[in-house]
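Okay, so here's the structure we're looking at.
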2 protein chains.
Amino acid sequence: MTTNNVQPARGTRDFLPADVRRREYVIGVVRDVYERYGFEPLETPAFENIETLLGKYGEEGNKLIFKILKRGEHEGSGEADLALRYDLTVPLARVIAQYQNELPKFFKRYQIQPVWRADRPARGRFREFYQCDIDAIGSTSPVVEAELLGAVADVMTRLGFQDFVVRLNHRRLLSAILERSGLPRVQHGEALIAIDKLDKLDRDQVTLDMVARGIDRQTAIRCLDAFTHPRTSDNSALLESLETSLSTHGEGAQVVSEVKELLQLCETTAAAGRIRLDLSLARGLSYYTGAIMEVAVPDLAGSLGGGGRYDNLIGMFLGRDVPACGFSLGLERIIVVMTERKMFPDSVEHGAVDVMVTLWNDKSRADALALAADFRRAGLRVEVYPEADKLGKQFKYASSRNVPFVAIVGDDERARGEVTIKDLRTGGQLSTPRTEAAAHVSRLVSLSNSSNLSNLSNVSNSHSND
Amino acid sequence: MTTNNVQPARGTRDFLPADVRRREYVIGVVRDVYERYGFEPLETPAFENIETLLGKYGEEGNKLIFKILKRGEHEGSGEADLALRYDLTVPLARVIAQYQNELPKFFKRYQIQPVWRADRPARGRFREFYQCDIDAIGSTSPVVEAELLGAVADVMTRLGFQDFVVRLNHRRLLSAILERSGLPRVQHGEALIAIDKLDKLDRDQVTLDMVARGIDRQTAIRCLDAFTHPRTSDNSALLESLETSLSTHGEGAQVVSEVKELLQLCETTAAAGRIRLDLSLARGLSYYTGAIMEVAVPDLAGSLGGGGRYDNLIGMFLGRDVPACGFSLGLERIIVVMTERKMFPDSVEHGAVDVMVTLWNDKSRADALALAADFRRAGLRVEVYPEADKLGKQFKYASSRNVPFVAIVGDDERARGEVTIKDLRTGGQLSTPRTEAAAHVSRLVSLSNSSNLSNLSNVSNSHSND
């Protein structure tokens, strides 16, 4: 049997304990924050009836859907009747239609589950990956956007990102600017695809791209002027300039005042001081209808998440428009960045065990288990070395697993009613009455977690049994 | 569009917020307990290369595997190259082969993930359901079994099951008893299938079943005698009787002493007093090699989980035997039973929001968001009603969502620098300075969580804005 056979399927990953701990830490923070904002958890099945998914993601998307063969006598037909979840938005739309009478009027849900796409695997691109979505359904109020932005800013802050910025733009503002620049509505889509590249290409290249997309050269230049002046990261200055340039454009003036209010509302939330109005933010504009947003870190290309208002999509199974505004955090990317930047707390990066109870000999199994039970009642995470073996070997095993403390009940200790606790990082050790061992180790572990220094370091190495 | 189109696929379920909260509560307890026992989390992909799964679950199992169609130009072939995870054991075996140099010698993992089986859906039987496995790999020491049993007993206790019993038996003990009763080894499998039914059928029916399975009638009666005498739930009495009856059977005497030690070890763990040695426990014996166990609640048919030692299976991809002992909790069943018995804490069953901030009018959006931000900084879960609407309607909405408190900042309150807090369950309300509102609501919420009584109930209903 070759080792090839034991790899996970192409484009998928096994998460070993250290990976799961990091992932769970991030998910835990996200959940906790989202729940403070009144979002509630939703989970949907891994697969859907194939008709639910087909035709929802365009031609390209259709090709990337994993399809499940019919079973039993129909297997030979080669037909599929089920398909793996491709995103969390279509299942949400289905849930909203199915449970319309049970869900609250303003349904705010978060959903953190894997999705599957038959993309060609590449660095950072997987066939199984988690999405982490919040969506607020049922209201067109700007309170919704402000709350969403506040929640996302809170998540980033709680995760330890200190330099993040939320780029904000508005689909109707983009339309007004383009229209004002003399670009016919039918060409807005093409123009925005080009303008979206302003953060990667220079102005001349973007102009060429626009012309290549069939846009009149002079109009293209006027559009780019409108998007790049004033060159400011000061929201007020930009708003002022937009107020002037769009003052006679009815819809434009209206949307500028909406954006202005949204920016003011955000200042009362955790997103205060984080929002940068950025006209070059376009995103996949096909379904957004209002505010669009992306969270970014200055020294990192691309975003850590994005979203916006999309009032015409979530009612797809209901047959009527339902207002919605959502944000999808780039969970996989966040985990990569946090790992590279060593942003995980020590409690996540360190071992999963606080103390290992060594096994003196086969006769002392019950003693070891009883001590472990004491430790566990005190809330400690405890490993029991299962086999009687040289103590040195047991210590080495504990060290290799990053366990900070080991407990030893040898014949001497038993005779004295004591337990010896050894700090494996310093080599220091001391004895403590058996009845106080659990409280003692708890203290050592919390000290160690808070300072990463052990207070055993100056204790003489007096134990001779290893 | 018929409502049929928006249902989840046959045999799968959507989990709405209240469902997810219950599931997460149980999973949280399980994880916390397992981590105290030194088990670490593992996650594997939803699908595996099809060769990894095919042929591992017998002919019946093969038919129940969901297979994924090849993609792109190969889709038309009707062939499958991937398949959905059918259990968590084969993926574990694969992981152990793939990462043999990275994993600790005594690898103890828990894994809580969905599996998929194309079974005919029925009451309580789903095509997507969670498994919740712990397995300790790499040691044959009875410390492993004792720790496993301790962990499971701890989970049951922490979940609030007060009357659970852990049935324990041993595969080699069963063999010795059958051999001692004169049954040839080749018939042990058949005999055990029949004997496993002793808790459902009466003795005569089981005898008939054994005879139908080709077992000599007198031998069958001797076997049943051996399994049903002494009729005792006293482990010591049963052990004593086995010590006598198997005293001259070398292997039998050995295994009795092993079981005796295991029972003694368990008395030092959280399983103390919970273990009942039960000779009629057989389980799917095909791969167990040592102790077998099941956790049960007296008034409930079937088990809430089971497991045992299986030393010849987990090395399937390594090509050599690797000792292993595992336990699988029946997560879905546990959730059903806990729901029926109303065992979930109030914090899980109640709404997900502590306080809703009402919206006085469109001009007060920023005020409402600022108050919500204050509440959230105090750790509260806060909903902001997004639209200016009649207060009565906002109260009704909060009530329908089980939100206990609403906060009101009307024109009067704003003028006085105050916030009115209303307890929706009692109708009582009082005003508090804006700066103290967050601390005040925090106190109300913890009082309410601890007593389910509100201390606002005697306050006069003085607010007139609704």
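Residues in the structure tokens are numbered from 1 in each chain, the chains being A, B, ... in the order shown, and ligands are numbered from 1 in the order shown.
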
- Message: Residues of chain B were defined as contacting chain A if any atom lay at most 7 Å from it, counting only C-alpha atoms; please report them as a ChimeraX atom specification.
- Response: /B:3,6-9,12-17,20,35-38,40-45,48-49,63,66-69,72,78-79,94,97-98,139,141,143-144,265,268-269,352-353,365-366,369-370,373,376,380-383,386-387

I'd like to know which residues of stretch 198-260 of chain A are helix (DSSP H, G or I) (by DSSP, run on the backbone); could you write them as a tab-separated table (two decimals) with all heavy atoms, in the first residue's frame?
```
chain	number	residue	atom	x	y	z
A	198	LEU	N	-8.18	49.41	-9.87
A	198	LEU	CA	-7.37	50.61	-9.58
A	198	LEU	C	-6.36	50.39	-8.45
A	198	LEU	O	-5.36	51.09	-8.37
A	198	LEU	CB	-8.29	51.79	-9.22
A	198	LEU	CG	-8.75	52.67	-10.40
A	198	LEU	CD1	-9.73	53.71	-9.92
A	198	LEU	CD2	-7.54	53.33	-11.08
A	199	ASP	N	-6.62	49.41	-7.58
A	199	ASP	CA	-5.65	49.19	-6.50
A	199	ASP	C	-4.50	48.29	-6.95
A	199	ASP	O	-3.53	48.13	-6.24
A	199	ASP	CB	-6.35	48.62	-5.24
A	199	ASP	CG	-7.10	47.34	-5.54
A	199	ASP	OD1	-7.30	47.01	-6.72
A	199	ASP	OD2	-7.52	46.66	-4.57
A	203	ARG	N	-3.39	54.11	-13.49
A	203	ARG	CA	-4.53	54.76	-14.14
A	203	ARG	C	-4.57	54.53	-15.64
A	203	ARG	O	-5.63	54.26	-16.22
A	203	ARG	CB	-4.44	56.25	-13.84
A	203	ARG	CG	-5.77	56.90	-13.60
A	203	ARG	CD	-5.59	58.40	-13.58
A	203	ARG	NE	-6.38	58.92	-14.68
A	203	ARG	CZ	-7.37	59.79	-14.52
A	203	ARG	NH1	-7.63	60.28	-13.33
A	203	ARG	NH2	-8.08	60.18	-15.55
A	204	ASP	N	-3.37	54.62	-16.29
A	204	ASP	CA	-3.32	54.44	-17.74
A	204	ASP	C	-3.74	53.03	-18.14
A	204	ASP	O	-4.46	52.84	-19.12
A	204	ASP	CB	-1.91	54.72	-18.26
A	204	ASP	CG	-1.59	56.22	-18.18
A	204	ASP	OD1	-2.56	57.00	-17.97
A	204	ASP	OD2	-0.41	56.58	-18.28
A	205	GLN	N	-3.29	52.07	-17.37
A	205	GLN	CA	-3.65	50.69	-17.68
A	205	GLN	C	-5.16	50.48	-17.56
A	205	GLN	O	-5.77	49.80	-18.38
A	205	GLN	CB	-2.91	49.72	-16.74
A	205	GLN	CG	-1.40	49.64	-17.01
A	205	GLN	CD	-0.68	48.85	-15.93
A	205	GLN	OE1	-0.79	49.16	-14.75
A	205	GLN	NE2	0.05	47.81	-16.35
A	206	VAL	N	-5.74	51.10	-16.51
A	206	VAL	CA	-7.19	50.96	-16.32
A	206	VAL	C	-7.93	51.66	-17.47
A	206	VAL	O	-8.94	51.14	-17.97
A	206	VAL	CB	-7.62	51.51	-14.94
A	206	VAL	CG1	-9.14	51.50	-14.81
A	206	VAL	CG2	-6.99	50.67	-13.82
A	207	THR	N	-7.41	52.81	-17.91
A	207	THR	CA	-8.05	53.50	-19.04
A	207	THR	C	-8.06	52.59	-20.27
A	207	THR	O	-9.09	52.42	-20.94
A	207	THR	CB	-7.28	54.80	-19.40
A	207	THR	OG1	-7.03	55.53	-18.20
A	207	THR	CG2	-8.07	55.65	-20.37
A	208	LEU	N	-6.89	51.99	-20.55
A	208	LEU	CA	-6.80	51.07	-21.70
A	208	LEU	C	-7.80	49.94	-21.57
A	208	LEU	O	-8.48	49.56	-22.53
A	208	LEU	CB	-5.38	50.49	-21.79
A	208	LEU	CG	-4.33	51.42	-22.41
A	208	LEU	CD1	-2.95	50.77	-22.39
A	208	LEU	CD2	-4.73	51.76	-23.86
A	209	ASP	N	-7.89	49.39	-20.37
A	209	ASP	CA	-8.82	48.29	-20.11
A	209	ASP	C	-10.26	48.73	-20.40
A	209	ASP	O	-11.04	47.99	-21.05
A	209	ASP	CB	-8.67	47.82	-18.66
A	209	ASP	CG	-9.44	46.53	-18.38
A	209	ASP	OD1	-9.76	45.80	-19.36
A	209	ASP	OD2	-9.72	46.24	-17.20
A	210	MET	N	-10.60	49.93	-19.97
A	210	MET	CA	-11.96	50.43	-20.19
A	210	MET	C	-12.24	50.59	-21.69
A	210	MET	O	-13.32	50.21	-22.17
A	210	MET	CB	-12.19	51.76	-19.45
A	210	MET	CG	-12.24	51.57	-17.92
A	210	MET	SD	-12.39	53.12	-17.01
A	210	MET	CE	-14.14	53.48	-17.21
A	211	VAL	N	-11.25	51.12	-22.39
A	211	VAL	CA	-11.43	51.28	-23.83
A	211	VAL	C	-11.60	49.91	-24.48
A	211	VAL	O	-12.47	49.70	-25.35
A	211	VAL	CB	-10.24	52.06	-24.44
A	211	VAL	CG1	-10.31	52.06	-25.97
A	211	VAL	CG2	-10.24	53.49	-23.90
A	212	ALA	N	-10.77	48.97	-24.04
A	212	ALA	CA	-10.86	47.60	-24.59
A	212	ALA	C	-12.25	47.00	-24.32
A	212	ALA	O	-12.71	46.15	-25.06
A	212	ALA	CB	-9.78	46.71	-23.97
A	217	ARG	N	-13.12	56.66	-25.01
A	217	ARG	CA	-11.90	57.06	-24.30
A	217	ARG	C	-12.13	58.28	-23.40
A	217	ARG	O	-11.71	58.29	-22.24
A	217	ARG	CB	-10.79	57.34	-25.32
A	217	ARG	CG	-9.51	57.75	-24.67
A	217	ARG	CD	-8.34	57.84	-25.65
A	217	ARG	NE	-7.14	57.90	-24.84
A	217	ARG	CZ	-6.51	56.83	-24.40
A	217	ARG	NH1	-6.90	55.63	-24.74
A	217	ARG	NH2	-5.45	56.95	-23.63
A	218	GLN	N	-12.78	59.30	-23.94
A	218	GLN	CA	-13.00	60.52	-23.15
A	218	GLN	C	-13.90	60.24	-21.94
A	218	GLN	O	-13.65	60.73	-20.84
A	218	GLN	CB	-13.63	61.63	-24.03
A	218	GLN	CG	-12.64	62.24	-25.03
A	218	GLN	CD	-11.31	62.61	-24.39
A	218	GLN	OE1	-11.27	63.25	-23.34
A	218	GLN	NE2	-10.19	62.16	-24.98
A	219	THR	N	-14.92	59.42	-22.16
A	219	THR	CA	-15.81	59.07	-21.05
A	219	THR	C	-15.04	58.30	-19.98
A	219	THR	O	-15.20	58.53	-18.78
A	219	THR	CB	-16.99	58.20	-21.56
A	219	THR	OG1	-17.54	58.82	-22.72
A	219	THR	CG2	-18.05	58.04	-20.49
A	220	ALA	N	-14.19	57.38	-20.44
A	220	ALA	CA	-13.39	56.59	-19.50
A	220	ALA	C	-12.55	57.53	-18.64
A	220	ALA	O	-12.46	57.35	-17.41
A	220	ALA	CB	-12.48	55.62	-20.27
A	221	ILE	N	-11.92	58.53	-19.26
A	221	ILE	CA	-11.07	59.46	-18.50
A	221	ILE	C	-11.92	60.26	-17.50
A	221	ILE	O	-11.53	60.43	-16.34
A	221	ILE	CB	-10.31	60.39	-19.48
A	221	ILE	CG1	-9.24	59.55	-20.20
A	221	ILE	CG2	-9.67	61.56	-18.74
A	221	ILE	CD1	-8.53	60.27	-21.33
A	222	ARG	N	-13.12	60.69	-17.95
A	222	ARG	CA	-13.99	61.42	-17.02
A	222	ARG	C	-14.40	60.54	-15.82
A	222	ARG	O	-14.40	60.99	-14.68
A	222	ARG	CB	-15.24	61.92	-17.75
A	222	ARG	CG	-15.09	63.29	-18.41
A	222	ARG	CD	-16.45	63.93	-18.70
A	222	ARG	NE	-17.36	63.04	-19.39
A	222	ARG	CZ	-17.37	62.87	-20.74
A	222	ARG	NH1	-16.52	63.54	-21.50
A	222	ARG	NH2	-18.23	62.03	-21.29
A	223	CYS	N	-14.70	59.26	-16.12
A	223	CYS	CA	-15.07	58.34	-15.03
A	223	CYS	C	-13.91	58.22	-14.04
A	223	CYS	O	-14.09	58.32	-12.82
A	223	CYS	CB	-15.38	56.95	-15.59
A	223	CYS	SG	-16.94	56.88	-16.50
A	224	LEU	N	-12.71	58.02	-14.57
A	224	LEU	CA	-11.57	57.82	-13.69
A	224	LEU	C	-11.27	59.09	-12.89
A	224	LEU	O	-10.91	59.01	-11.71
A	224	LEU	CB	-10.33	57.39	-14.50
A	224	LEU	CG	-10.41	55.92	-14.97
A	224	LEU	CD1	-9.28	55.59	-15.91
A	224	LEU	CD2	-10.37	54.99	-13.75
A	225	ASP	N	-11.45	60.23	-13.52
A	225	ASP	CA	-11.30	61.49	-12.78
A	225	ASP	C	-12.25	61.51	-11.58
A	225	ASP	O	-11.86	61.84	-10.47
A	225	ASP	CB	-11.64	62.69	-13.69
A	225	ASP	CG	-10.46	63.06	-14.59
A	225	ASP	OD1	-9.33	62.57	-14.30
A	225	ASP	OD2	-10.66	63.80	-15.57
A	226	ALA	N	-13.48	61.13	-11.88
A	226	ALA	CA	-14.49	61.17	-10.82
A	226	ALA	C	-14.14	60.21	-9.69
A	226	ALA	O	-14.45	60.46	-8.52
A	226	ALA	CB	-15.87	60.83	-11.39
A	227	PHE	N	-13.49	59.08	-10.03
A	227	PHE	CA	-13.17	58.08	-8.99
A	227	PHE	C	-11.90	58.39	-8.23
A	227	PHE	O	-11.69	57.87	-7.15
A	227	PHE	CB	-13.06	56.68	-9.62
A	227	PHE	CG	-14.40	56.06	-9.81
A	227	PHE	CD1	-14.93	55.88	-11.08
A	227	PHE	CD2	-15.15	55.68	-8.71
A	227	PHE	CE1	-16.18	55.33	-11.25
A	227	PHE	CE2	-16.39	55.12	-8.87
A	227	PHE	CZ	-16.92	54.95	-10.15
A	228	THR	N	-11.04	59.21	-8.81
A	228	THR	CA	-9.74	59.39	-8.17
A	228	THR	C	-9.52	60.80	-7.63
A	228	THR	O	-8.47	61.10	-7.10
A	228	THR	CB	-8.60	59.03	-9.15
A	228	THR	OG1	-8.84	59.71	-10.39
A	228	THR	CG2	-8.55	57.55	-9.40
A	235	ASN	N	-12.76	60.88	4.87
A	235	ASN	CA	-14.15	60.67	4.46
A	235	ASN	C	-14.91	61.98	4.26
A	235	ASN	O	-15.67	62.13	3.31
A	235	ASN	CB	-14.89	59.81	5.49
A	235	ASN	CG	-14.33	58.40	5.57
A	235	ASN	OD1	-13.68	57.95	4.62
A	235	ASN	ND2	-14.56	57.72	6.68
A	236	SER	N	-14.69	62.95	5.17
A	236	SER	CA	-15.44	64.21	5.09
A	236	SER	C	-15.11	64.96	3.82
A	236	SER	O	-15.99	65.47	3.13
A	236	SER	CB	-15.12	65.11	6.29
A	236	SER	OG	-15.25	64.37	7.47
A	237	ALA	N	-13.80	65.01	3.50
A	237	ALA	CA	-13.39	65.72	2.29
A	237	ALA	C	-14.00	65.08	1.06
A	237	ALA	O	-14.51	65.75	0.15
A	237	ALA	CB	-11.87	65.74	2.19
A	238	LEU	N	-13.98	63.74	1.05
A	238	LEU	CA	-14.53	63.03	-0.10
A	238	LEU	C	-16.04	63.25	-0.21
A	238	LEU	O	-16.57	63.51	-1.29
A	238	LEU	CB	-14.20	61.53	0.03
A	238	LEU	CG	-14.61	60.61	-1.11
A	238	LEU	CD1	-14.12	61.16	-2.46
A	238	LEU	CD2	-14.04	59.21	-0.89
A	239	LEU	N	-16.72	63.17	0.92
A	239	LEU	CA	-18.17	63.39	0.93
A	239	LEU	C	-18.52	64.78	0.42
A	239	LEU	O	-19.44	64.96	-0.38
A	239	LEU	CB	-18.73	63.23	2.34
A	239	LEU	CG	-19.12	61.83	2.79
A	239	LEU	CD1	-19.52	61.86	4.26
A	239	LEU	CD2	-20.28	61.30	1.94
A	240	GLU	N	-17.74	65.77	0.88
A	240	GLU	CA	-17.97	67.15	0.48
A	240	GLU	C	-17.84	67.30	-1.03
A	240	GLU	O	-18.68	67.90	-1.70
A	240	GLU	CB	-16.94	68.05	1.17
A	240	GLU	CG	-17.47	69.40	1.59
A	240	GLU	CD	-16.46	70.10	2.49
A	240	GLU	OE1	-16.31	69.66	3.66
A	240	GLU	OE2	-15.80	71.04	2.01
A	241	SER	N	-16.76	66.69	-1.55
A	241	SER	CA	-16.54	66.74	-2.99
A	241	SER	C	-17.68	66.06	-3.75
A	241	SER	O	-18.14	66.56	-4.78
A	241	SER	CB	-15.18	66.10	-3.30
A	241	SER	OG	-15.21	65.42	-4.51
A	242	LEU	N	-18.17	64.93	-3.21
A	242	LEU	CA	-19.27	64.23	-3.87
A	242	LEU	C	-20.56	65.04	-3.80
A	242	LEU	O	-21.34	65.08	-4.75
A	242	LEU	CB	-19.49	62.85	-3.23
A	242	LEU	CG	-18.42	61.79	-3.54
A	242	LEU	CD1	-18.58	60.60	-2.61
A	242	LEU	CD2	-18.52	61.34	-5.00
A	243	GLU	N	-20.76	65.69	-2.64
A	243	GLU	CA	-21.96	66.52	-2.50
A	243	GLU	C	-21.99	67.59	-3.59
A	243	GLU	O	-23.03	67.87	-4.18
A	243	GLU	CB	-22.00	67.18	-1.12
A	243	GLU	CG	-22.69	66.30	-0.08
A	243	GLU	CD	-22.57	66.83	1.34
A	243	GLU	OE1	-21.68	67.67	1.60
A	243	GLU	OE2	-23.36	66.38	2.19
A	244	THR	N	-20.81	68.18	-3.84
A	244	THR	CA	-20.73	69.20	-4.88
A	244	THR	C	-20.95	68.61	-6.26
A	244	THR	O	-21.83	69.04	-7.01
A	244	THR	CB	-19.33	69.87	-4.85
A	244	THR	OG1	-19.06	70.25	-3.50
A	244	THR	CG2	-19.28	71.08	-5.77
A	245	SER	N	-20.19	67.53	-6.56
A	245	SER	CA	-20.24	67.04	-7.94
A	245	SER	C	-21.58	66.39	-8.26
A	245	SER	O	-21.98	66.32	-9.42
A	245	SER	CB	-19.08	66.07	-8.19
A	245	SER	OG	-19.22	64.93	-7.38
A	250	GLY	N	-30.25	63.99	-8.88
A	250	GLY	CA	-31.21	63.67	-7.83
A	250	GLY	C	-30.86	62.43	-7.03
A	250	GLY	O	-30.65	62.48	-5.82
A	251	GLU	N	-30.75	61.30	-7.72
A	251	GLU	CA	-30.43	60.03	-7.07
A	251	GLU	C	-29.05	60.10	-6.42
A	251	GLU	O	-28.83	59.60	-5.30
A	251	GLU	CB	-30.48	58.91	-8.13
A	251	GLU	CG	-29.76	57.63	-7.79
A	251	GLU	CD	-30.49	56.79	-6.77
A	251	GLU	OE1	-31.60	57.19	-6.37
A	251	GLU	OE2	-29.95	55.74	-6.36
A	252	GLY	N	-28.10	60.76	-7.09
A	252	GLY	CA	-26.74	60.88	-6.55
A	252	GLY	C	-26.72	61.65	-5.25
A	252	GLY	O	-26.10	61.23	-4.26
A	253	ALA	N	-27.43	62.79	-5.21
A	253	ALA	CA	-27.45	63.62	-4.00
A	253	ALA	C	-28.08	62.82	-2.85
A	253	ALA	O	-27.61	62.86	-1.71
A	253	ALA	CB	-28.24	64.90	-4.27
A	254	GLN	N	-29.13	62.07	-3.19
A	254	GLN	CA	-29.82	61.26	-2.18
A	254	GLN	C	-28.87	60.20	-1.58
A	254	GLN	O	-28.77	60.04	-0.36
A	254	GLN	CB	-31.04	60.59	-2.84
A	254	GLN	CG	-31.69	59.48	-2.04
A	254	GLN	CD	-32.28	60.00	-0.74
A	254	GLN	OE1	-32.63	61.18	-0.62
A	254	GLN	NE2	-32.36	59.13	0.26
A	255	VAL	N	-28.14	59.49	-2.44
A	255	VAL	CA	-27.29	58.41	-1.95
A	255	VAL	C	-26.10	58.98	-1.17
A	255	VAL	O	-25.65	58.38	-0.19
A	255	VAL	CB	-26.88	57.44	-3.09
A	255	VAL	CG1	-25.84	58.04	-4.00
A	255	VAL	CG2	-26.39	56.12	-2.52
A	256	VAL	N	-25.62	60.17	-1.56
A	256	VAL	CA	-24.53	60.78	-0.78
A	256	VAL	C	-25.00	61.05	0.65
A	256	VAL	O	-24.29	60.78	1.62
A	256	VAL	CB	-24.02	62.08	-1.45
A	256	VAL	CG1	-23.07	62.82	-0.51
A	256	VAL	CG2	-23.30	61.76	-2.76
A	257	SER	N	-26.24	61.52	0.77
A	257	SER	CA	-26.71	61.81	2.13
A	257	SER	C	-26.93	60.50	2.91
A	257	SER	O	-26.73	60.45	4.12
A	257	SER	CB	-27.97	62.68	2.10
A	257	SER	OG	-29.11	61.88	1.89
A	258	GLU	N	-27.30	59.43	2.20
A	258	GLU	CA	-27.44	58.13	2.88
A	258	GLU	C	-26.08	57.63	3.38
A	258	GLU	O	-25.95	57.13	4.50
A	258	GLU	CB	-28.05	57.10	1.93
A	258	GLU	CG	-29.55	57.27	1.72
A	258	GLU	CD	-30.11	56.25	0.72
A	258	GLU	OE1	-29.57	55.12	0.65
A	258	GLU	OE2	-31.06	56.61	0.01
A	259	VAL	N	-25.07	57.76	2.52
A	259	VAL	CA	-23.74	57.30	2.90
A	259	VAL	C	-23.23	58.13	4.09
A	259	VAL	O	-22.62	57.60	5.02
A	259	VAL	CB	-22.77	57.38	1.70
A	259	VAL	CG1	-21.33	57.18	2.15
A	259	VAL	CG2	-23.16	56.36	0.64
A	260	LYS	N	-23.54	59.43	4.03
A	260	LYS	CA	-23.13	60.32	5.11
A	260	LYS	C	-23.75	59.87	6.43
A	260	LYS	O	-23.07	59.78	7.46
A	260	LYS	CB	-23.58	61.75	4.76
A	260	LYS	CG	-22.91	62.83	5.57
A	260	LYS	CD	-23.26	64.19	4.96
A	260	LYS	CE	-22.73	65.33	5.82
A	260	LYS	NZ	-23.07	66.63	5.21
```

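The two atoms in question, atom CA of B:Ala407 and atom CA of B:Thr426, are spaced 14.6 Å apart.
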
- Between A:Leu263, A:Tyr57, A:Leu192, A:Pro298, which one has atoms that come closest to A:Gln162, using only C-alpha atoms? A:Pro298

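Using only C-alpha atoms, the shortest contact distance between A:Gly392 and any of A:Arg172, A:Lys422, A:Lys363, A:Arg416 is found at A:Lys422.
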
- Message: When you look at B:Ser431 with a cut-off of 10 Å (counting only C-alpha atoms), what residues show up, excluding the ones that are within fewer than 2 positions of it in the same chain? I need them as a VMD selection string.
- Response: chain B and resid 407 to 409 413 416 to 422 429 433 to 434 437 462 to 463

- strand (DSSP E or B) positions in stretch 162-351 of chain B, given as a list in words: Val165, Val166, Arg167, Leu168, Asn169, His170, Ile275, Arg276, Leu277, Ala291, Ile292, Met293, Glu294, Val295, Ala296, Gly305, Gly306, Gly307, Gly308, Arg309, Ala324, Cys325, Gly326, Phe327, Ser328 and Leu329 of chain B
